[in-house]
$ cat coords.csv   # CSV, C-alpha atoms
chain,number,residue,atom,x,y,z
T,54,MET,CA,54.8,-176.9,-189.2
T,55,ASP,CA,53.7,-176.1,-192.7
T,56,ASP,CA,52.5,-172.8,-194.0
T,57,GLY,CA,48.9,-173.9,-193.8
T,58,LYS,CA,49.1,-174.2,-190.1
T,59,HIS,CA,51.0,-171.0,-189.8
T,60,GLU,CA,48.1,-169.2,-191.3
T,61,GLN,CA,45.8,-170.6,-188.7
T,62,VAL,CA,47.6,-169.1,-185.8
T,63,ARG,CA,45.1,-166.8,-184.0
T,64,THR,CA,46.1,-163.8,-182.0
T,65,GLU,CA,42.6,-163.1,-180.6
T,66,THR,CA,40.6,-165.3,-178.3
T,67,LEU,CA,37.0,-166.4,-178.9
T,68,LEU,CA,35.8,-163.6,-176.6
T,69,ASP,CA,37.9,-161.1,-178.5
T,70,SER,CA,36.3,-162.2,-181.7
T,71,VAL,CA,32.8,-162.0,-180.2
T,72,VAL,CA,33.4,-158.4,-179.0
T,73,ARG,CA,34.7,-157.5,-182.4
T,74,GLN,CA,31.8,-159.0,-184.2
T,75,LEU,CA,29.2,-157.2,-181.9
T,76,SER,CA,30.9,-153.8,-181.5
T,77,VAL,CA,32.2,-153.3,-185.0
T,78,TYR,CA,30.5,-155.4,-187.7
T,79,ALA,CA,27.0,-155.6,-186.2
T,80,VAL,CA,26.9,-151.8,-185.4
T,81,ALA,CA,28.5,-150.8,-188.7
T,82,ALA,CA,26.0,-153.0,-190.5
T,83,MET,CA,23.0,-151.3,-188.8
T,84,GLY,CA,24.4,-147.9,-189.6
T,85,LEU,CA,25.1,-148.6,-193.2
T,86,PHE,CA,21.7,-150.3,-193.6
T,87,LEU,CA,19.9,-147.1,-192.3
T,88,ILE,CA,22.0,-144.9,-194.5
T,89,VAL,CA,21.3,-146.9,-197.7
T,90,LYS,CA,17.6,-147.2,-196.8
T,91,GLU,CA,17.0,-143.6,-196.0
T,92,HIS,CA,19.1,-141.9,-198.6
T,93,PHE,CA,19.2,-144.3,-201.6
T,94,ILE,CA,16.2,-146.6,-201.4
T,95,GLY,CA,13.6,-144.9,-199.3
T,96,SER,CA,13.1,-141.4,-197.9
T,97,LEU,CA,14.2,-140.0,-194.5
T,98,ILE,CA,11.1,-137.7,-194.3
T,99,VAL,CA,7.8,-137.3,-196.1
T,100,CYS,CA,6.5,-133.7,-196.3
T,101,GLN,CA,3.4,-131.9,-197.4
T,102,PRO,CA,2.0,-128.4,-196.8
T,103,ILE,CA,-0.4,-128.0,-193.8
T,104,ASN,CA,-2.6,-125.6,-195.8
T,105,ARG,CA,-2.8,-128.3,-198.5
T,106,GLY,CA,-6.1,-127.2,-200.0
T,107,VAL,CA,-4.9,-123.6,-200.7
T,108,LYS,CA,-1.7,-124.8,-202.2
T,109,GLU,CA,-3.5,-127.3,-204.5
T,110,ASN,CA,-5.6,-124.4,-205.9
T,111,LEU,CA,-2.4,-122.5,-206.5
T,112,SER,CA,-1.0,-125.3,-208.6
T,113,TYR,CA,1.5,-126.7,-205.9
T,114,SER,CA,3.9,-128.3,-208.3
T,115,GLN,CA,6.1,-131.4,-207.7
T,116,SER,CA,9.2,-129.3,-208.0
T,117,GLN,CA,7.9,-127.0,-205.3
T,118,ALA,CA,7.1,-130.0,-203.1
T,119,ASP,CA,10.7,-131.4,-203.7
T,120,TYR,CA,12.1,-128.0,-202.8
T,121,ASP,CA,10.1,-127.7,-199.6
T,122,LYS,CA,11.2,-131.2,-198.6
T,123,ALA,CA,14.8,-130.5,-199.1
T,124,TYR,CA,14.5,-127.2,-197.3
T,125,CYS,CA,12.8,-128.8,-194.3
T,126,LEU,CA,15.4,-131.6,-194.3
T,127,MET,CA,18.3,-129.1,-194.1
T,128,SER,CA,16.4,-127.0,-191.6
T,129,MET,CA,16.2,-129.9,-189.1
T,130,THR,CA,19.5,-128.9,-187.5
T,131,ASP,CA,19.4,-125.2,-188.2
T,132,THR,CA,16.6,-123.0,-186.7
T,133,ARG,CA,18.3,-119.7,-187.0
T,134,GLU,CA,16.2,-118.6,-190.0
T,135,ASN,CA,13.5,-121.3,-190.1
T,136,LEU,CA,11.3,-122.2,-187.2
T,137,ILE,CA,11.1,-125.9,-186.5
T,138,ILE,CA,8.5,-127.5,-184.2
T,139,ALA,CA,9.2,-131.0,-183.2
T,140,SER,CA,6.3,-133.3,-182.1
T,141,GLY,CA,6.2,-136.9,-181.1
T,142,GLY,CA,2.5,-137.2,-182.0
T,143,GLU,CA,0.6,-137.6,-185.2
T,144,PRO,CA,1.1,-135.0,-188.0
T,145,ASN,CA,-2.4,-133.8,-187.6
T,146,THR,CA,-2.1,-133.0,-183.9
T,147,ILE,CA,1.0,-130.8,-183.9
T,148,PRO,CA,0.8,-128.3,-181.0
T,149,GLY,CA,1.3,-124.6,-181.6
T,150,VAL,CA,0.4,-124.8,-185.3
T,151,THR,CA,-2.5,-123.0,-186.9
T,152,ILE,CA,-3.2,-122.0,-190.5
T,153,MET,CA,-2.3,-118.4,-189.6
T,154,GLY,CA,1.2,-119.0,-188.1
T,155,ILE,CA,3.5,-120.7,-185.6
T,156,LYS,CA,4.3,-119.9,-182.0
T,157,SER,CA,7.8,-118.4,-182.3
T,158,GLU,CA,9.1,-119.8,-179.0
T,159,GLU,CA,8.7,-123.4,-179.8
T,160,GLY,CA,11.6,-123.9,-182.3
T,161,ARG,CA,13.6,-127.0,-181.9
T,162,VAL,CA,16.6,-128.7,-183.5
T,163,ILE,CA,16.3,-132.3,-184.6
T,164,TYR,CA,19.4,-134.6,-184.9
T,165,GLN,CA,17.9,-138.0,-185.2
T,166,ASN,CA,18.9,-138.2,-188.9
T,167,TYR,CA,22.5,-138.3,-187.6
T,168,LEU,CA,21.9,-141.7,-185.9
T,169,PRO,CA,23.1,-143.9,-188.8
T,170,PHE,CA,26.3,-141.8,-189.1
T,171,ALA,CA,26.8,-142.0,-185.4
T,172,LEU,CA,26.6,-145.8,-185.5
T,173,VAL,CA,29.2,-145.9,-188.3
T,174,ILE,CA,31.5,-143.6,-186.3
T,175,GLN,CA,31.0,-145.7,-183.2
T,176,ALA,CA,32.0,-148.9,-185.2
T,177,ALA,CA,35.2,-147.1,-186.4
T,178,LEU,CA,36.1,-146.1,-182.9
T,179,SER,CA,35.6,-149.6,-181.7
T,180,CYS,CA,38.2,-150.7,-184.2
T,181,ILE,CA,41.0,-148.7,-182.6
T,182,PRO,CA,41.9,-151.2,-179.8
T,183,THR,CA,42.2,-154.0,-182.3
T,184,ILE,CA,44.2,-151.9,-184.7
T,185,LEU,CA,46.6,-151.0,-181.9
T,186,TRP,CA,46.9,-154.6,-180.8
T,187,ASN,CA,47.6,-155.8,-184.4
T,188,THR,CA,50.2,-153.0,-184.9
T,189,TRP,CA,52.1,-153.4,-181.7
T,190,ALA,CA,51.9,-157.0,-180.4
T,191,SER,CA,50.0,-159.3,-182.8
T,192,ASP,CA,53.1,-160.3,-184.9
T,193,ILE,CA,55.2,-160.9,-181.8
T,194,LEU,CA,52.6,-163.1,-180.2
T,195,ARG,CA,52.1,-165.0,-183.5
T,196,THR,CA,55.9,-165.7,-183.6
T,197,CYS,CA,55.9,-167.0,-180.1
T,198,ILE,CA,53.0,-169.3,-180.8
T,199,ARG,CA,54.7,-170.6,-183.9
T,200,PHE,CA,57.8,-171.3,-181.9
T,201,VAL,CA,55.8,-173.4,-179.5
T,202,ALA,CA,54.0,-175.1,-182.3
T,203,ASP,CA,57.3,-176.0,-184.0
T,204,SER,CA,58.6,-177.2,-180.7
T,205,SER,CA,55.6,-179.4,-180.3
T,206,SER,CA,56.1,-181.0,-183.7
T,207,LYS,CA,59.7,-181.9,-182.8
T,208,ILE,CA,58.6,-183.3,-179.4
T,209,CYS,CA,55.8,-185.3,-180.9
T,210,PRO,CA,56.9,-188.8,-182.1
T,211,VAL,CA,56.6,-188.9,-185.9
T,212,ARG,CA,56.1,-192.3,-187.5
T,213,VAL,CA,56.8,-193.2,-191.1
T,214,ASP,CA,56.0,-196.5,-192.9
T,215,SER,CA,59.1,-198.5,-193.9
T,216,GLY,CA,58.2,-201.9,-195.2
T,217,HIS,CA,55.8,-203.6,-192.7
T,218,SER,CA,57.1,-202.0,-189.5
T,219,PRO,CA,56.6,-198.4,-188.3
T,220,VAL,CA,59.9,-196.7,-187.6
T,221,LYS,CA,60.2,-193.5,-185.7
T,222,LYS,CA,61.6,-190.5,-187.6
T,223,ASP,CA,64.9,-189.4,-186.0
T,224,GLN,CA,64.6,-186.2,-184.0
T,225,SER,CA,67.1,-184.4,-181.9
T,226,PHE,CA,66.2,-183.8,-178.3
T,227,GLU,CA,69.7,-182.7,-177.3
T,228,ILE,CA,68.9,-179.1,-176.6
T,229,LEU,CA,65.2,-178.9,-177.1
T,230,ASN,CA,64.3,-179.0,-173.4
T,231,GLU,CA,66.9,-176.5,-172.4
T,232,TYR,CA,66.1,-174.1,-175.2
T,233,LEU,CA,62.4,-174.2,-174.6
T,234,SER,CA,62.8,-173.8,-170.9
T,235,ALA,CA,65.1,-170.8,-171.4
T,236,GLN,CA,62.7,-169.2,-173.8
T,237,VAL,CA,59.8,-169.6,-171.3
T,238,GLU,CA,62.0,-168.1,-168.6
T,239,ARG,CA,62.7,-165.1,-170.9
T,240,TRP,CA,58.9,-164.7,-171.4
T,241,GLU,CA,58.4,-164.8,-167.7
T,242,GLY,CA,60.7,-161.8,-167.3
T,243,ARG,CA,58.8,-159.7,-169.9
T,244,LYS,CA,55.5,-157.9,-169.6
T,245,PHE,CA,55.2,-156.1,-173.0
T,246,LEU,CA,52.5,-158.4,-174.5
T,247,ILE,CA,50.4,-158.5,-171.3
T,248,ARG,CA,50.5,-154.7,-171.0
T,249,VAL,CA,49.5,-154.2,-174.6
T,250,TYR,CA,46.7,-156.7,-174.3
T,251,THR,CA,45.5,-155.1,-171.0
T,252,THR,CA,45.6,-151.7,-172.7
T,253,LYS,CA,43.5,-153.0,-175.5
T,254,LEU,CA,40.9,-154.3,-173.1
T,255,MET,CA,40.9,-151.1,-171.1
T,256,LEU,CA,40.6,-148.9,-174.2
T,257,SER,CA,37.7,-151.0,-175.5
T,258,LEU,CA,36.0,-150.8,-172.1
T,259,GLY,CA,36.4,-147.0,-172.1
T,260,ILE,CA,35.1,-146.6,-175.6
T,261,PHE,CA,32.0,-148.7,-174.9
T,262,ILE,CA,31.2,-146.9,-171.6
T,263,PHE,CA,31.6,-143.6,-173.4
T,264,MET,CA,29.2,-144.7,-176.2
T,265,VAL,CA,26.5,-145.8,-173.7
T,266,THR,CA,26.9,-142.6,-171.8
T,267,PHE,CA,26.7,-140.5,-174.9
T,268,TYR,CA,23.5,-142.1,-176.3
T,269,VAL,CA,21.8,-142.0,-172.9
T,270,ALA,CA,22.9,-138.7,-171.4
T,271,TYR,CA,23.3,-136.6,-174.5
T,272,PRO,CA,19.8,-135.5,-175.6
T,273,VAL,CA,20.4,-135.1,-179.3
T,274,LEU,CA,20.6,-138.8,-179.9
T,275,ASN,CA,18.6,-140.1,-177.0
T,276,TYR,CA,15.8,-142.6,-177.6
T,277,VAL,CA,13.1,-140.4,-176.0
T,278,GLU,CA,14.1,-137.4,-178.2
T,279,PHE,CA,13.3,-139.2,-181.5
T,280,GLN,CA,10.4,-137.5,-183.1
T,281,GLY,CA,7.7,-138.9,-185.4
T,282,SER,CA,7.0,-135.6,-187.1
T,283,PHE,CA,7.8,-131.9,-187.2
T,284,VAL,CA,6.8,-128.6,-188.9
T,285,CYS,CA,9.0,-126.1,-190.7
T,286,HIS,CA,8.3,-122.7,-192.1
T,287,VAL,CA,9.7,-122.5,-195.6
T,288,HIS,CA,10.9,-119.0,-196.2
T,289,LYS,CA,8.3,-117.9,-193.6
T,290,GLN,CA,5.6,-118.4,-196.2
T,291,THR,CA,4.6,-122.1,-196.3
T,292,LEU,CA,3.9,-124.3,-193.3
T,293,VAL,CA,5.2,-127.8,-194.1
T,294,THR,CA,4.6,-130.9,-191.9
T,295,CYS,CA,7.2,-133.7,-192.3
T,296,VAL,CA,6.9,-137.2,-191.0
T,297,PHE,CA,9.7,-139.8,-190.3
T,298,PRO,CA,8.2,-143.0,-191.7
T,299,ASP,CA,10.9,-145.1,-190.2
T,300,VAL,CA,11.1,-143.6,-186.7
T,301,ASP,CA,10.3,-147.0,-185.1
T,302,LEU,CA,13.2,-148.6,-187.1
T,303,PHE,CA,15.5,-145.9,-185.7
T,304,LYS,CA,14.3,-146.5,-182.2
T,305,LEU,CA,14.9,-150.3,-182.7
T,306,ALA,CA,18.4,-149.7,-184.0
T,307,TRP,CA,19.1,-147.5,-181.0
T,308,ILE,CA,17.9,-150.2,-178.5
T,309,VAL,CA,19.8,-153.0,-180.3
T,310,ASN,CA,23.0,-150.9,-180.3
T,311,ILE,CA,22.8,-150.3,-176.6
T,312,VAL,CA,22.2,-154.0,-176.0
T,313,LEU,CA,25.2,-154.9,-178.1
T,314,VAL,CA,27.5,-152.4,-176.4
T,315,ASP,CA,26.3,-153.6,-172.9
T,316,ILE,CA,27.1,-157.2,-173.9
T,317,SER,CA,30.5,-156.1,-175.1
T,318,ILE,CA,31.1,-154.3,-171.8
T,319,ALA,CA,30.3,-157.5,-169.8
T,320,ILE,CA,32.6,-159.6,-172.0
T,321,VAL,CA,35.5,-157.2,-171.7
T,322,VAL,CA,35.1,-156.9,-167.9
T,323,LEU,CA,35.2,-160.7,-167.7
T,324,GLN,CA,38.4,-160.7,-169.8
T,325,LEU,CA,40.0,-158.1,-167.5
T,326,LEU,CA,39.2,-160.2,-164.5
T,327,ASN,CA,40.7,-163.2,-166.2
T,328,VAL,CA,43.9,-161.3,-167.0
T,329,ALA,CA,44.1,-159.9,-163.4
T,330,PHE,CA,43.3,-163.0,-161.4
T,331,CYS,CA,43.1,-166.2,-163.4
T,332,LEU,CA,45.9,-166.3,-166.0
T,333,GLN,CA,48.7,-166.6,-163.5
T,334,ARG,CA,46.9,-169.3,-161.5
T,335,LYS,CA,46.3,-171.6,-164.5
T,336,THR,CA,48.6,-174.4,-165.3
T,337,THR,CA,50.8,-173.2,-168.2
T,338,PHE,CA,50.6,-174.9,-171.6
T,339,PHE,CA,54.3,-175.5,-171.5
T,340,SER,CA,54.2,-177.6,-168.3
T,341,TYR,CA,50.9,-179.2,-169.0
T,342,PHE,CA,51.7,-180.5,-172.5
T,343,MET,CA,55.4,-180.0,-173.1
T,344,GLY,CA,57.0,-181.1,-169.9
T,345,VAL,CA,58.7,-177.8,-169.0
T,346,GLU,CA,59.3,-177.6,-165.3
T,347,GLU,CA,56.6,-175.7,-163.5
T,348,ARG,CA,57.9,-172.6,-161.8
T,349,LYS,CA,56.6,-170.7,-158.8
T,350,ILE,CA,53.3,-169.1,-159.5
T,351,SER,CA,53.7,-165.3,-160.0
T,352,ARG,CA,50.9,-163.1,-158.7
T,353,ILE,CA,51.6,-160.6,-161.4
T,354,PRO,CA,50.7,-161.7,-165.0
T,355,ASN,CA,53.6,-161.7,-167.5
T,356,ASP,CA,54.1,-162.5,-171.2
T,357,SER,CA,54.5,-166.2,-170.4
T,358,HIS,CA,51.0,-166.4,-169.0
T,359,LEU,CA,49.5,-164.6,-172.0
T,360,ILE,CA,51.4,-166.8,-174.5
T,361,SER,CA,50.3,-169.9,-172.6
T,362,HIS,CA,46.7,-168.7,-172.8
T,363,PHE,CA,46.9,-168.2,-176.5
T,364,CYS,CA,48.6,-171.6,-177.0
T,365,TYR,CA,45.5,-173.1,-175.5
T,366,GLU,CA,43.5,-171.1,-178.0
T,367,ASN,CA,45.7,-172.4,-180.8
T,368,ALA,CA,45.6,-176.0,-179.9
T,369,ALA,CA,44.7,-176.9,-183.5
T,370,VAL,CA,48.2,-175.9,-184.8
T,371,MET,CA,50.0,-178.0,-182.2
T,372,CYS,CA,51.0,-181.6,-182.8
T,373,PRO,CA,47.7,-183.6,-182.6
T,374,SER,CA,49.1,-186.7,-181.1
T,375,LEU,CA,50.9,-184.7,-178.4
T,376,MET,CA,47.7,-182.9,-177.5
T,377,ASN,CA,45.7,-186.2,-177.5
T,378,ARG,CA,48.2,-188.1,-175.5
T,379,SER,CA,48.5,-185.4,-172.9
T,380,SER,CA,44.8,-185.1,-172.4
T,381,SER,CA,44.0,-188.9,-172.5
T,382,PRO,CA,43.0,-190.6,-169.3
T,383,GLY,CA,45.7,-192.3,-167.3
T,384,LYS,CA,48.6,-190.3,-168.8
T,385,THR,CA,50.7,-187.8,-167.0
T,386,MET,CA,49.9,-184.4,-168.4
T,387,HIS,CA,53.4,-183.0,-167.9
T,388,THR,CA,55.3,-185.8,-169.8
T,389,PRO,CA,54.3,-186.0,-173.5
T,390,LEU,CA,57.4,-188.1,-174.2
T,391,ILE,CA,56.4,-191.7,-173.4
T,392,SER,CA,59.3,-193.5,-174.9
T,393,LEU,CA,62.2,-193.1,-177.3
T,394,GLY,CA,62.2,-196.8,-178.3
T,395,SER,CA,61.8,-197.9,-181.9
T,396,SER,CA,59.5,-200.8,-181.6
T,397,GLU,CA,56.1,-201.6,-180.1
T,398,GLU,CA,57.7,-204.0,-177.6
T,399,GLU,CA,59.8,-201.2,-176.2
T,400,LEU,CA,56.8,-199.0,-176.0
T,401,HIS,CA,54.9,-201.6,-173.9
T,402,SER,CA,57.8,-202.7,-171.8
T,403,PRO,CA,58.0,-201.8,-168.1
T,404,SER,CA,61.1,-199.7,-168.7
T,405,SER,CA,59.2,-197.4,-171.0
T,406,SER,CA,57.6,-195.5,-168.2
T,407,SER,CA,55.2,-192.7,-168.9
T,408,SER,CA,56.8,-190.6,-166.2
T,409,LEU,CA,59.9,-189.8,-168.2
T,410,SER,CA,60.7,-186.1,-168.2
T,411,TYR,CA,62.6,-183.9,-170.6
T,412,SER,CA,65.6,-183.8,-168.3
T,413,THR,CA,66.2,-187.5,-169.0
T,414,ALA,CA,65.2,-187.4,-172.7
T,415,PRO,CA,68.6,-186.3,-174.1
T,416,GLN,CA,70.5,-189.0,-172.1
T,417,LEU,CA,68.1,-191.7,-173.3
T,418,PHE,CA,68.5,-190.6,-176.9
T,419,ARG,CA,72.3,-190.6,-176.7
T,420,ARG,CA,72.3,-194.1,-175.2
T,421,GLN,CA,70.1,-195.5,-177.9
T,422,THR,CA,72.1,-194.0,-180.7
T,423,ALA,CA,75.3,-195.3,-179.2
T,424,ASP,CA,73.8,-198.8,-179.1
$ encode --input "coords.csv" --output "structure tokens"
Amino acid sequence: MDDGKHEQVRTETLLDSVVRQLSVYAVAAMGLFLIVKEHFIGSLIVCQPINRGVKENLSYSQSQADYDKAYCLMSMTDTRENLIIASGGEPNTIPGVTIMGIKSEEGRVIYQNYLPFALVIQAALSCIPTILWNTWASDILRTCIRFVADSSSKICPVRVDSGHSPVKKDQSFEILNEYLSAQVERWEGRKFLIRVYTTKLMLSLGIFIFMVTFYVAYPVLNYVEFQGSFVCHVHKQTLVTCVFPDVDLFKLAWIVNIVLVDISIAIVVLQLLNVAFCLQRKTTFFSYFMGVEERKISRIPNDSHLISHFCYENAAVMCPSLMNRSSSPGKTMHTPLISLGSSEEELHSPSSSSSLSYSTAPQLFRRQTAD
């Protein structure tokens, strides 16, 4: 196998990739978009004094307006000195507000400006399972798949043009079957990769469930708690009403995030069910394509099942003719070696049976070289 194919070895399945795209990249993109829009392009809140007419007569300057806006923005999460009244209605219909003052018992903290940062933190937490997998097991799994891919290239009959007749390139099958079978047997006795992969899925599921619970049950970032406007009391002198111009965009981002997390939960649950009940029942890649003797099905998944599963995922790096021949109609899936002859007549002769197994391949090779 060349370096180009080595670089194509994947240590995550298609479903793993989908979960990563949804839970990390999509969520982080939403959070960063809201941060940039609200803090660099647009404005998180738009404020003006309630007693606007009085302030205009007193030369309400732009600098004072900017100060009031910054004051109210900082006061959204701190009502110790500044009374905050939250309202989901229009700015002109805020309950408890009059020109003379504010009802002191209606102060309220507003956290919805933290939503973009919460999304970014959520995306970072969703990276943890993938980071652990890449740190502990990814390189080991990649090495195993490369070994299988290299073995498939040696098993696969390679033809080179010599004059007008195709001649098979000499390959040694003396110990290949025994070595491959022994390696598969060692994988069957290990459970490190399958345990790390299961831990990754369980950790991802735990993070996703925690996130949904947090957004739904914790009131500070709940959808129904998002406010369209609020009033603050600047130094107990000026009543300022502030409006969230993009509150609907925040609500949409909240809904999309919950949907993405729910989809990720469903995918991870399916993956766990596959690991628990399906991997060990599926015909292994080694017996299906490479002729390794099928062993007794184990009810408990092991590294051999996981490596076989990822070999199916990395079919593109295996020998193409081996894969095509094994999957073509009328061929025995467990015997990729059709013949060791060196001519088309031998390939089509009755003695070149497609039922040859790897146990007879070394003897046939020795007999032909002796002749």
$ closest_residue --input "coords.csv" --among "T:Gly281, T:Met264, T:Tyr271, T:Asp121" --to "T:Gln175" --atoms "only C-alpha atoms"
T:Met264
$ closest_residue --input "coords.csv" --among "T:Phe363, T:Phe86, T:Trp189, T:Phe261" --to "T:Phe170" --atoms "all atoms listed in the file"
T:Phe86
$ closest_residue --input "coords.csv" --among "T:Ser357, T:Ser76, T:Ser351, T:Thr251" --to "T:Leu172" --atoms "all atoms listed in the file"
T:Ser76
$ closest_residue --input "coords.csv" --among "T:Met371, T:Leu68, T:Leu302, T:Ile262" --to "T:Val314" --atoms "only C-alpha atoms"
T:Ile262
$ atom_distance --input "coords.csv" --atom1 "atom CA of T:Gln74" --atom2 "atom CA of T:Ser179"
10.4 Å
$ atom_distance --input "coords.csv" --atom1 "atom CA of T:Leu126" --atom2 "atom CA of T:Ala177"
26.4 Å
$ atom_distance --input "coords.csv" --atom1 "atom CA of T:Arg195" --atom2 "atom CA of T:Tyr250"
13.5 Å
$ closest_residue --input "coords.csv" --among "T:Val300, T:Ala329, T:Ile353, T:Ile198" --to "T:Gln61" --atoms "all atoms listed in the file"
T:Ile198
$ closest_residue --input "coords.csv" --among "T:Leu229, T:Ala235, T:His358, T:Val80" --to "T:Ser205" --atoms "all atoms listed in the file"
T:Leu229
$ residues_near_point --input "coords.csv" --point "(45.7, -171.9, -174.2)" --cutoff "12 Å" --atoms "only C-alpha atoms" --output "PyMOL selection string"
chain T and resi 63-67+198+201+332+335-342+357-371+376
$ write_last_selection --input "coords.csv" --atoms "C-alpha atoms" --output "PDB file, in the frame of the given file"
ATOM      1  CA  ARG T  63      45.100-166.800-184.000  1.00  0.00           C
ATOM      2  CA  THR T  64      46.100-163.800-182.000  1.00  0.00           C
ATOM      3  CA  GLU T  65      42.600-163.100-180.600  1.00  0.00           C
ATOM      4  CA  THR T  66      40.600-165.300-178.300  1.00  0.00           C
ATOM      5  CA  LEU T  67      37.000-166.400-178.900  1.00  0.00           C
ATOM      6  CA  ILE T 198      53.000-169.300-180.800  1.00  0.00           C
ATOM      7  CA  VAL T 201      55.800-173.400-179.500  1.00  0.00           C
ATOM      8  CA  LEU T 332      45.900-166.300-166.000  1.00  0.00           C
ATOM      9  CA  LYS T 335      46.300-171.600-164.500  1.00  0.00           C
ATOM     10  CA  THR T 336      48.600-174.400-165.300  1.00  0.00           C
ATOM     11  CA  THR T 337      50.800-173.200-168.200  1.00  0.00           C
ATOM     12  CA  PHE T 338      50.600-174.900-171.600  1.00  0.00           C
ATOM     13  CA  PHE T 339      54.300-175.500-171.500  1.00  0.00           C
ATOM     14  CA  SER T 340      54.200-177.600-168.300  1.00  0.00           C
ATOM     15  CA  TYR T 341      50.900-179.200-169.000  1.00  0.00           C
ATOM     16  CA  PHE T 342      51.700-180.500-172.500  1.00  0.00           C
ATOM     17  CA  SER T 357      54.500-166.200-170.400  1.00  0.00           C
ATOM     18  CA  HIS T 358      51.000-166.400-169.000  1.00  0.00           C
ATOM     19  CA  LEU T 359      49.500-164.600-172.000  1.00  0.00           C
ATOM     20  CA  ILE T 360      51.400-166.800-174.500  1.00  0.00           C
ATOM     21  CA  SER T 361      50.300-169.900-172.600  1.00  0.00           C
ATOM     22  CA  HIS T 362      46.700-168.700-172.800  1.00  0.00           C
ATOM     23  CA  PHE T 363      46.900-168.200-176.500  1.00  0.00           C
ATOM     24  CA  CYS T 364      48.600-171.600-177.000  1.00  0.00           C
ATOM     25  CA  TYR T 365      45.500-173.100-175.500  1.00  0.00           C
ATOM     26  CA  GLU T 366      43.500-171.100-178.000  1.00  0.00           C
ATOM     27  CA  ASN T 367      45.700-172.400-180.800  1.00  0.00           C
ATOM     28  CA  ALA T 368      45.600-176.000-179.900  1.00  0.00           C
ATOM     29  CA  ALA T 369      44.700-176.900-183.500  1.00  0.00           C
ATOM     30  CA  VAL T 370      48.200-175.900-184.800  1.00  0.00           C
ATOM     31  CA  MET T 371      50.000-178.000-182.200  1.00  0.00           C
ATOM     32  CA  MET T 376      47.700-182.900-177.500  1.00  0.00           C
TER      33      MET T 376
END
$ residues_near_point --input "coords.csv" --point "(59.5, -170.2, -167.8)" --cutoff "8 Å" --atoms "only C-alpha atoms" --output "number ranges by chain"
T: 234-241, 345-348, 357
